[in-house]
Amino acid sequence: MSLFKARNWWSTILGEKEEFDHGCLCLANVDNSGNGQDKIIVGSFMGYLRIFSPHPTKTGDGAQAADMLLEVDLRDPVLQVEVGKFVSGTEMLHLAVLHSRKLCVYSVSGILGNVEHGNQYQMKLIYEHNLQRTACNMTYGPFGGVKGRDLICIQSIDGMLMVFEQESYAFGRFLPSFLLPGPLAYSSRTDSFITVSSCRQVESYKYQVLAFATDADKRQETDQQKLGSGKRLVVDWTLNIGEQALDICIVSFNQSASSVFVLGERNFFCLKDNGQIRFMKKLDWSPSCFLPYCSVSEGTINTLIGNHNSILHIYQDVTLKWATQLPHIPVAVRVGCLHDLKGVIVTLSDDGHLQCSYLGTDPSLFQAPNVESRELNYDELDVEMKELQKIIKDVNKSQGVWPVTEREDDLSVSVVVSPNFDSVSQATDVEVGTDLVPSVTVKVTLQNRVVLQKVKLSVCVQPPLELTCDQFTFEFMTPDLTRTASFSAYLKRSYTPSELEGKAVVSYSRPTGIPRVIQCKFRLPLKLICLPCQPSKTASHKVTIDTNKSPVSLLGLFPGFASQSDDDQVNVMGFHFLGGSQVTLLASKTSQRYRIQSEQFEDLWLITSELILRLQEYFEKQGVKDFACSFSGSMPLQEYFELIDRHFELRMNGEKLKELLSERAVQFRAIQRRLLTRFKDKTPAPLQHLDTLLDGTYKQVIALADAVEENQGSLFQSFTRLKSATHLVILLIGLWQKLSADQIAILEAAFLPLQEDTQELGWEETVDAAISHLLKTCLSKSSKEQALNLNSQLSIPKDTSQLKKHITLLCDRLAKGGRLCLSTDAAAPQTMIMPGGCTTIPESDLEERSVEQDPTEQFTNHRHLTADTSRPVSPLQGVSE
């Protein structure tokens, strides 16, 4: 309940289901009575005109029959009502009523009554003007400095200003660059019209410029007029306010100050006569109407502003002086003198609520009852506060960032991958060297609980894997329906994918309109991309995985991949990828180790991850819960760095090719322009071998475009290989340092931030920024490192030396006790670390050189068994001890 209110002095409801706007209200002594009391004139869009003279016997009374002086049905919608000196030969006030196609001027007079019915009022039409164009609004004033009379200017919907010198039509002018009509006002001090255009600019036009400009009837001929046939309509000044205006009001309460007030959609402006901003006020609500009026303080102006929250604000310049609650949303507000009461605020709503009010306070008579006083036990309060804080902390930890979803979803999604290949392969347009590329069927089943419409299913797999169809749309018109989408997956290009996982994402809207997304993951079989083959005895790259359990037969882990020619070798298995490379898997007979070896470093990833995954599933089925894998060998950073260099080299080649292509394109267009000039010349001139040069440039452009396309394909393939190697490095680091799932997730976010590599944002600069952040936060040792700020703008580096150095330092920090964490506490200097300490980022050239000598030697464990690859060895040599 607000203390500051607009106290109701008099109010009434106008008509039934009538509509009103800000131009439908006017306060003036329209009947020219001797007491000078204002009357309330209201017009409606239904065509009714009403004149009131409130005389309440008690404050807050409603309208009495004697309060309405006149009610007339004009049969045309009333757009605006104004009172002024509109009739020639007299300075009496008359009423101007603007209709959509007509302007009428009336005289309102009263006849003294001799009976109890009181005075009688009548309205007489003095003259009217039929408009050739549909009117929007009007303004009036002593245009051109005339004395003792007011002229009327009407703005049409199509941007024409029509000036009427009382009973006669003067001229019409079109506003330049007009699109939509805006509010219109007249400034007598500068003799100019001010409006706001659809370009959101306040524009001022001098009356003299309008009078001498080209006539509106010749608007269509302005482009062909001569210089002496008329003057162009030029704006006096403009001001861009950046928003549409609701109303304009010009006030001049003394001879020295004149201001132009503009009410915008979110701001309130006060301008000088020349268009300069005197002050402005940003509004936190949506305004509906406003009215500047005289202030008691010299040099300031008060302004009434109503908003759509039914609140009336009173500002003194930009300072809020009063805020009061209204019973309705005002669309028009006026201040006048009614019944010898000065300063009455008259407001009108769009549905016809007319109220006369004054500002006052309404003190509340309610008193709060006394509360029984009791002593507080602060120890009990502390215990209760700690319990509540613990509950809040536990709830925040359990909920996480996303809100907890409902236990029963509106839609359930399940994915089933067929264990067998398709009888007829669905692979099309494959680029694999193998004669027959297999495909496997995937089925996605959707079952709804409620009615759902436009359910969209999107399925994606990692390239070079391909789907026969990846977009589906369903309609669930009734509950408990089941829909199935079937498609096939196959290998399309001749290199190995970085992942075998796929995602099925379903988007839909709940019956309440809330959008929801459900995601379901599935895994494609390993046999889709590789075939069994004979194990290889030699390999350039090897990885050894240690376990804490006895070795498992590879025939049980990989059914269908064992070589049938030699059934005795159950601890050796070969895999041949459809892309061309081979991977050999060896299991030790005596120790608890598995070795994966291949000629391609990145191809070790899929077999290694598949081995660990199948070992975990095997021991889970056996009921073993303490199974664990570890890695104690040397971290293969050198092989990883070679893939990074290859990827970066292709990125740089792509940049160079694009620059050359741009240069040849510019040259091609320049030759075309010269040839066109020669061909257009009336006197033939020799081509001077320009045609030969054009043909050669065209061939170069085509060749460079083909080279760019080929480089893009190589870059995409290299990025896939780099992602596979990155997955392998993250896996080895996690096994090496026994990292938790959260720490591995941090590593994946740092090393694999992009799903697709682009020229604008590449893998190298993004990973370098992420690793540098980890080195300066959770893996830092001194506060000096934490104070270093990263560059906020990522750009392609000159080379990969900085990135490789940071990756080496990351492994070094992890080897010496550093742990990955994203909490704020991890940014503090590490005081308690594992034995051996954690080295800092090198700050001298000597320390950098010591790191760059051989990054892989720092992480070598001498228990790791390596074989000399320069001579043939047995497949089991090195892992059977």
# chains A, B, ... in the order shown; residues from 1 in each chain; ligands from 1
$ residues_around --residues "A:Pro532" --least-positions-apart "4" --cutoff "12 Å" --atoms "only C-alpha atoms" --output "PyMOL selection string"
chain A and resi 526-528+536+555+558-565+572-578+581-585
$ closest_atom_pairs --of "stretch 390-472 of chain A" --to "stretch 483-486 of chain A" --cutoff "7 Å" --atoms "only C-alpha atoms" --output "JSON lines"
{"residue": "A:Thr441", "atom": "CA", "partner": "A:Ser486", "partner_atom": "CA", "distance": 6.8}
{"residue": "A:Val442", "atom": "CA", "partner": "A:Ser486", "partner_atom": "CA", "distance": 5.8}
{"residue": "A:Lys443", "atom": "CA", "partner": "A:Ser486", "partner_atom": "CA", "distance": 4.5}
{"residue": "A:Val444", "atom": "CA", "partner": "A:Ala485", "partner_atom": "CA", "distance": 5.2}
{"residue": "A:Thr445", "atom": "CA", "partner": "A:Thr484", "partner_atom": "CA", "distance": 4.5}
{"residue": "A:Leu446", "atom": "CA", "partner": "A:Arg483", "partner_atom": "CA", "distance": 5.2}
{"residue": "A:Gln447", "atom": "CA", "partner": "A:Arg483", "partner_atom": "CA", "distance": 6.5}
$ write_last_selection --atoms "N, CA, C and O atoms" --output "CSV table (one decimal), in the first residue's frame"
chain,number,residue,atom,x,y,z
A,441,THR,N,23.8,-51.7,-39.0
A,441,THR,CA,22.5,-51.0,-38.8
A,441,THR,C,22.4,-50.6,-37.3
A,441,THR,O,22.7,-51.3,-36.4
A,442,VAL,N,21.9,-49.3,-37.2
A,442,VAL,CA,21.7,-48.7,-35.9
A,442,VAL,C,20.2,-48.4,-35.8
A,442,VAL,O,19.7,-47.7,-36.7
A,443,LYS,N,19.6,-48.7,-34.7
A,443,LYS,CA,18.2,-48.4,-34.5
A,443,LYS,C,18.0,-47.5,-33.3
A,443,LYS,O,18.5,-47.9,-32.2
A,444,VAL,N,17.3,-46.4,-33.4
A,444,VAL,CA,17.0,-45.5,-32.4
A,444,VAL,C,15.5,-45.6,-32.1
A,444,VAL,O,14.7,-45.4,-33.0
A,445,THR,N,15.1,-45.9,-30.8
A,445,THR,CA,13.7,-46.1,-30.5
A,445,THR,C,13.3,-44.9,-29.5
A,445,THR,O,14.0,-44.7,-28.6
A,446,LEU,N,12.2,-44.3,-29.9
A,446,LEU,CA,11.6,-43.2,-29.1
A,446,LEU,C,10.2,-43.6,-28.6
A,446,LEU,O,9.4,-44.1,-29.4
A,447,GLN,N,10.0,-43.4,-27.3
A,447,GLN,CA,8.7,-43.6,-26.7
A,447,GLN,C,8.3,-42.4,-25.9
A,447,GLN,O,9.0,-42.0,-25.0
$ atom_distance --atom1 "atom CA of A:Ile733" --atom2 "atom CA of A:Ser780"
18.5 Å
$ closest_residue --among "A:Cys821, A:Val346, A:Leu291, A:Val416" --to "A:Ser740" --atoms "only C-alpha atoms"
A:Cys821
$ closest_atom_pairs --of "stretch 510-537 of chain A" --to "stretch 488-501 of chain A" --cutoff "9 Å" --atoms "only C-alpha atoms" --output "CSV"
residue,atom,partner,partner_atom,distance
A:Lys521,CA,A:Glu501,CA,6.9
A:Phe522,CA,A:Glu501,CA,5.7
A:Arg523,CA,A:Glu501,CA,4.4
A:Leu524,CA,A:Leu500,CA,5.4
A:Pro525,CA,A:Leu500,CA,7.4
A:Leu526,CA,A:Leu500,CA,7.5
A:Leu528,CA,A:Tyr490,CA,6.9
A:Ile529,CA,A:Leu491,CA,6.4
$ write_last_selection --atoms "N, CA, C and O atoms" --output "PDB file, in the first residue's frame"
ATOM      1  N   LYS A 521      24.108 -41.791 -26.145  1.00  0.00           N
ATOM      2  CA  LYS A 521      25.342 -42.177 -26.823  1.00  0.00           C
ATOM      3  C   LYS A 521      25.296 -43.663 -27.187  1.00  0.00           C
ATOM      4  O   LYS A 521      24.665 -44.464 -26.501  1.00  0.00           O
ATOM      5  N   PHE A 522      25.990 -43.997 -28.256  1.00  0.00           N
ATOM      6  CA  PHE A 522      26.135 -45.398 -28.653  1.00  0.00           C
ATOM      7  C   PHE A 522      27.547 -45.591 -29.193  1.00  0.00           C
ATOM      8  O   PHE A 522      28.243 -44.632 -29.527  1.00  0.00           O
ATOM      9  N   ARG A 523      27.959 -46.856 -29.262  1.00  0.00           N
ATOM     10  CA  ARG A 523      29.320 -47.175 -29.700  1.00  0.00           C
ATOM     11  C   ARG A 523      29.250 -48.168 -30.849  1.00  0.00           C
ATOM     12  O   ARG A 523      28.607 -49.221 -30.741  1.00  0.00           O
ATOM     13  N   LEU A 524      29.930 -47.822 -31.920  1.00  0.00           N
ATOM     14  CA  LEU A 524      29.979 -48.693 -33.087  1.00  0.00           C
ATOM     15  C   LEU A 524      31.010 -49.794 -32.866  1.00  0.00           C
ATOM     16  O   LEU A 524      32.008 -49.602 -32.150  1.00  0.00           O
ATOM     17  N   PRO A 525      30.821 -50.954 -33.476  1.00  0.00           N
ATOM     18  CA  PRO A 525      31.765 -52.065 -33.254  1.00  0.00           C
ATOM     19  C   PRO A 525      33.117 -51.799 -33.923  1.00  0.00           C
ATOM     20  O   PRO A 525      33.206 -51.119 -34.952  1.00  0.00           O
ATOM     21  N   LEU A 526      34.155 -52.362 -33.300  1.00  0.00           N
ATOM     22  CA  LEU A 526      35.507 -52.188 -33.828  1.00  0.00           C
ATOM     23  C   LEU A 526      35.667 -52.849 -35.191  1.00  0.00           C
ATOM     24  O   LEU A 526      36.413 -52.364 -36.047  1.00  0.00           O
ATOM     25  N   LEU A 528      33.870 -52.750 -37.611  1.00  0.00           N
ATOM     26  CA  LEU A 528      33.366 -51.939 -38.710  1.00  0.00           C
ATOM     27  C   LEU A 528      34.501 -51.252 -39.466  1.00  0.00           C
ATOM     28  O   LEU A 528      34.360 -50.941 -40.647  1.00  0.00           O
ATOM     29  N   ILE A 529      35.637 -51.001 -38.788  1.00  0.00           N
ATOM     30  CA  ILE A 529      36.713 -50.245 -39.430  1.00  0.00           C
ATOM     31  C   ILE A 529      37.996 -51.054 -39.564  1.00  0.00           C
ATOM     32  O   ILE A 529      38.977 -50.535 -40.112  1.00  0.00           O
TER      33      ILE A 529
END
$ residues_around --residues "stretch 71-85 of chain A" --least-positions-apart "5" --cutoff "6 Å" --atoms "only C-alpha atoms" --output "ChimeraX atom specification"
/A:23-24,43-50,91,93-99,149-150
$ closest_residue --among "A:Gln755, A:Ser412, A:Ser662, A:Gln700" --to "A:Thr720" --atoms "only C-alpha atoms"
A:Gln755
$ select_by_dssp --residues "stretch 569-756 of chain A" --states "strand (DSSP E or B)" --output "list of chain:residue names"
A:Val572, A:Met573, A:Gly574, A:Phe575, A:His576, A:Phe577, A:Gln582, A:Val583, A:Thr584, A:Leu585, A:Leu586, A:Ala587, A:Arg593, A:Tyr594, A:Arg595, A:Ile596, A:Gln597, A:Ser598, A:Cys629, A:Ser630
$ atom_distance --atom1 "atom CA of A:Ser540" --atom2 "atom CA of A:Glu642"
13.8 Å
$ atom_distance --atom1 "atom CA of A:Gly306" --atom2 "atom CA of A:Thr12"
19.1 Å
$ residues_around --residues "stretch 797-807 of chain A" --least-positions-apart "4" --cutoff "7 Å" --atoms "only C-alpha atoms" --output "PDB file with N, CA and C atoms, in the first residue's frame"
ATOM      1  N   PHE A 641      54.575 -34.784 -31.042  1.00  0.00           N
ATOM      2  CA  PHE A 641      54.983 -33.486 -31.586  1.00  0.00           C
ATOM      3  C   PHE A 641      55.116 -33.521 -33.109  1.00  0.00           C
ATOM      4  N   ASP A 645      53.373 -30.897 -35.656  1.00  0.00           N
ATOM      5  CA  ASP A 645      54.084 -30.148 -36.694  1.00  0.00           C
ATOM      6  C   ASP A 645      53.456 -30.376 -38.066  1.00  0.00           C
ATOM      7  N   GLU A 765      46.687 -22.648 -31.244  1.00  0.00           N
ATOM      8  CA  GLU A 765      46.577 -21.492 -30.360  1.00  0.00           C
ATOM      9  C   GLU A 765      45.577 -21.715 -29.231  1.00  0.00           C
ATOM     10  N   ASP A 768      47.271 -24.099 -26.687  1.00  0.00           N
ATOM     11  CA  ASP A 768      48.358 -23.385 -26.010  1.00  0.00           C
ATOM     12  C   ASP A 768      47.804 -22.456 -24.926  1.00  0.00           C
ATOM     13  N   ILE A 771      46.537 -24.749 -21.947  1.00  0.00           N
ATOM     14  CA  ILE A 771      47.627 -25.331 -21.149  1.00  0.00           C
ATOM     15  C   ILE A 771      48.346 -24.233 -20.368  1.00  0.00           C
ATOM     16  N   SER A 772      48.538 -23.062 -20.973  1.00  0.00           N
ATOM     17  CA  SER A 772      49.177 -21.959 -20.257  1.00  0.00           C
ATOM     18  C   SER A 772      48.340 -21.554 -19.052  1.00  0.00           C
ATOM     19  N   CYS A 811      53.559 -32.071 -18.438  1.00  0.00           N
ATOM     20  CA  CYS A 811      53.903 -33.426 -18.001  1.00  0.00           C
ATOM     21  C   CYS A 811      54.905 -33.395 -16.849  1.00  0.00           C
TER      22      CYS A 811
END
